[in-house]
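S.K.: The structure follows.
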Amino acid sequence: MSTTHFNTKERILGAAEELFAQHGFAGTSLRQVTSRADVNIAAVNYHFGSKENLVNEVFRRRMDEMSERRLALLRKAREEKPGDLEAILAAFIEPPLALTLDRHGGSAFVRVLARAYAEKNDGLRKFLSDNYGHVLREFAKAIHQALPGLGKEDLYWRLDFTAGALTYAMSDFGLIKRPSGVPEKVHCEKAAQALIRFAAAGLRAPA
């Protein structure tokens, strides 16, 4: 792919990500995307084919790297600390929270991710399930090994609640805001540790 094609595609993805974060998926038109990216509609059709595929590719651009990072940390946790629930949860929680520190659109994607939970978009949910469902299953398997007495249904409920709490923490909608003078990285690490403790307690709670 030429540099021009790469730059055009990245501009479209960046513009779409910002607009989806601001207006949602249904509330953003391709005309708005082309205007923000300073391209014509033919460029969007050439690179993505449809708005639905553009939405999917906005997610793929971030989710591929984040999923690889999660799975790499999970493998490391299983090798170095087998059965350690907190290490498993750190692998699940820390890479997504690190996105909030990404100066290249990471904060916009965090808002897009929150939109994905709030808006009913069956096509997107299928895309995420088909392409990233295996990541959740790997973590479920690791948690089951750490907590063999926890039934499958309870495990999936609790993992769902953990994922929801993680998305909420990433969105920064909560009561606890970063105090002035505290670096974002320090605040993010503190949030990760608090969420790991919370999730571990929830997973270990009696059924």
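Please note that chains go A, B, ... in the order of the structure tokens, that every chain numbers its residues from 1, and that ligands are numbered from 1 in the order shown.
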Would you write out, as a tab-separated table, a table of all residues in region 18-87 of chain A that have an atom no more than 12 Å from an atom of region 125-140 of chain A, listing for each the closest atom pair and the distance in Å to one decimal, considering only C-alpha atoms and ordering rows by chain and rising residue number?

M.R.:
```
residue	atom	partner	partner_atom	distance
A:Glu52	CA	A:Phe127	CA	10.1
A:Asn53	CA	A:Phe127	CA	9.6
A:Leu54	CA	A:Phe127	CA	11.8
A:Val55	CA	A:Phe127	CA	9.9
A:Asn56	CA	A:Phe127	CA	6.9
A:Glu57	CA	A:Phe127	CA	9.9
A:Val58	CA	A:Leu128	CA	11.5
A:Phe59	CA	A:Leu128	CA	8.3
A:Arg60	CA	A:Asn131	CA	8.7
A:Arg62	CA	A:Tyr132	CA	11.7
A:Met63	CA	A:Tyr132	CA	8.0
A:Asp64	CA	A:Tyr132	CA	8.3
A:Glu65	CA	A:Tyr132	CA	11.3
A:Met66	CA	A:Tyr132	CA	10.3
A:Ser67	CA	A:Val135	CA	6.7
A:Glu68	CA	A:Val135	CA	8.9
A:Arg69	CA	A:Val135	CA	10.6
A:Arg70	CA	A:Val135	CA	8.0
A:Leu71	CA	A:Val135	CA	7.1
A:Ala72	CA	A:Val135	CA	10.8
A:Leu73	CA	A:Phe139	CA	10.9
A:Leu74	CA	A:Phe139	CA	7.7
A:Arg75	CA	A:Glu138	CA	9.9
A:Ala77	CA	A:Phe139	CA	11.1
A:Arg78	CA	A:Phe139	CA	10.7
A:Gly83	CA	A:Phe139	CA	11.9
A:Leu85	CA	A:Phe139	CA	10.3
A:Ala87	CA	A:Phe139	CA	11.1
```

S.K.: I need the helix (DSSP H, G or I) residues of region 10-65 of chain A per DSSP on the backbone, written as number ranges by chain.

M.R.: A: 10-23, 30-37, 41-48, 51-65

S.K.: Would you kindly return, as a list of chain:residue names, each protein, DNA or RNA residue with an atom no farther than 12 Å from any atom of Gly151 (chain A), considering only C-alpha atoms and excluding same-chain residues fewer than 2 positions away?

M.R.: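 What passes the distance filter is A:Ala140, A:Lys141, A:Ile143, A:His144, A:Gln145, A:Leu147, A:Pro148, A:Gly149, A:Glu153, A:Asp154, A:Leu155, A:Tyr156, A:Trp157, A:Arg158, A:Leu203, A:Arg204, A:Ala205, A:Pro206, A:Ala207.
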
S.K.: Taking only C-alpha atoms into account, name the residue in A:Val112, A:Arg61, A:His187, A:Phe161 that is nearest to Thr28 (chain A).

M.R.: A:Val112

S.K.: Considering only C-alpha atoms, state which residue in the set A:Gln193, A:Gln22, A:Asn45, A:Ser180 is at the smallest distance from Arg111 (chain A).

M.R.: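 Closest to Arg111 (chain A), using only C-alpha atoms: A:Gln22.
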
S.K.: Skipping near chain neighbours, those fewer than 4 positions away, what residues fall within 12 Å of region 34-43 of chain A using only C-alpha atoms, listed as a list in words?

M.R.: Thr4, His5, Phe6, Asn7, Thr8, Lys9, Glu10, Arg11, Ile12, Leu13, Gly14, Ala15, Ala16, Glu17, Glu18, Leu19, Phe20, Thr28, Ser29, Leu30, His47, Phe48, Gly49, Ser50, Lys51 and Leu54 of chain A

S.K.: With 9 Å as the cut-off and only C-alpha atoms counted, what is the closest atom pair between each nearby residue of region 151-206 of chain A and region 94-97 of chain A? Distances in Å to one decimal, ordered by chain and number, as a tab-separated table.

M.R.:
```
residue	atom	partner	partner_atom	distance
A:Leu166	CA	A:Leu97	CA	7.8
A:Thr167	CA	A:Pro96	CA	8.5
A:Ala169	CA	A:Leu97	CA	7.9
A:Met170	CA	A:Leu97	CA	5.8
A:Cys188	CA	A:Leu97	CA	6.7
A:Glu189	CA	A:Glu94	CA	8.0
A:Ala191	CA	A:Leu97	CA	8.5
A:Ala192	CA	A:Glu94	CA	6.1
A:Gln193	CA	A:Glu94	CA	8.8
```

S.K.: Neighbouring residues of region 182-186 of chain A were defined as those with any atom within 9 Å, considering only C-alpha atoms; residues of the same chain fewer than 3 positions away were excluded. Please report them as a list of chain:residue names.

M.R.: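 My list of contacting residues is A:Ala98, A:Thr100, A:Leu101, A:Arg178, A:Pro179, A:Glu189, A:Lys190, A:Ala191.
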
S.K.: So that I have them on file, write out the residues from the current selection with N, CA, C and O atoms, as a PDB file, in the first residue's frame.

M.R.:
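Once written, again-v3.pdb looks like this:
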```
ATOM      1  N   ALA A  98      -4.690   1.519  29.640  1.00  0.00           N
ATOM      2  CA  ALA A  98      -3.546   2.224  29.055  1.00  0.00           C
ATOM      3  C   ALA A  98      -3.957   3.027  27.823  1.00  0.00           C
ATOM      4  O   ALA A  98      -3.297   4.005  27.466  1.00  0.00           O
ATOM      5  N   THR A 100      -6.330   5.012  27.606  1.00  0.00           N
ATOM      6  CA  THR A 100      -6.709   6.365  28.010  1.00  0.00           C
ATOM      7  C   THR A 100      -5.501   7.303  28.022  1.00  0.00           C
ATOM      8  O   THR A 100      -5.668   8.518  28.018  1.00  0.00           O
ATOM      9  N   LEU A 101      -4.294   6.744  28.038  1.00  0.00           N
ATOM     10  CA  LEU A 101      -3.067   7.556  28.049  1.00  0.00           C
ATOM     11  C   LEU A 101      -2.523   7.788  26.641  1.00  0.00           C
ATOM     12  O   LEU A 101      -1.574   8.550  26.465  1.00  0.00           O
ATOM     13  N   ARG A 178      -9.309  12.589  38.460  1.00  0.00           N
ATOM     14  CA  ARG A 178      -7.871  12.725  38.715  1.00  0.00           C
ATOM     15  C   ARG A 178      -7.612  14.039  39.447  1.00  0.00           C
ATOM     16  O   ARG A 178      -7.947  15.116  38.949  1.00  0.00           O
ATOM     17  N   PRO A 179      -7.005  13.972  40.644  1.00  0.00           N
ATOM     18  CA  PRO A 179      -6.710  15.202  41.376  1.00  0.00           C
ATOM     19  C   PRO A 179      -5.686  16.049  40.624  1.00  0.00           C
ATOM     20  O   PRO A 179      -4.823  15.520  39.919  1.00  0.00           O
ATOM     21  N   GLU A 189      -2.785   3.967  36.866  1.00  0.00           N
ATOM     22  CA  GLU A 189      -2.265   2.794  37.587  1.00  0.00           C
ATOM     23  C   GLU A 189      -3.052   2.559  38.877  1.00  0.00           C
ATOM     24  O   GLU A 189      -3.341   1.415  39.243  1.00  0.00           O
ATOM     25  N   LYS A 190      -3.411   3.639  39.546  1.00  0.00           N
ATOM     26  CA  LYS A 190      -4.194   3.520  40.786  1.00  0.00           C
ATOM     27  C   LYS A 190      -5.581   2.956  40.476  1.00  0.00           C
ATOM     28  O   LYS A 190      -6.100   2.104  41.213  1.00  0.00           O
ATOM     29  N   ALA A 191      -6.177   3.430  39.398  1.00  0.00           N
ATOM     30  CA  ALA A 191      -7.489   2.925  38.984  1.00  0.00           C
ATOM     31  C   ALA A 191      -7.413   1.438  38.661  1.00  0.00           C
ATOM     32  O   ALA A 191      -8.301   0.656  39.030  1.00  0.00           O
TER      33      ALA A 191
END
```
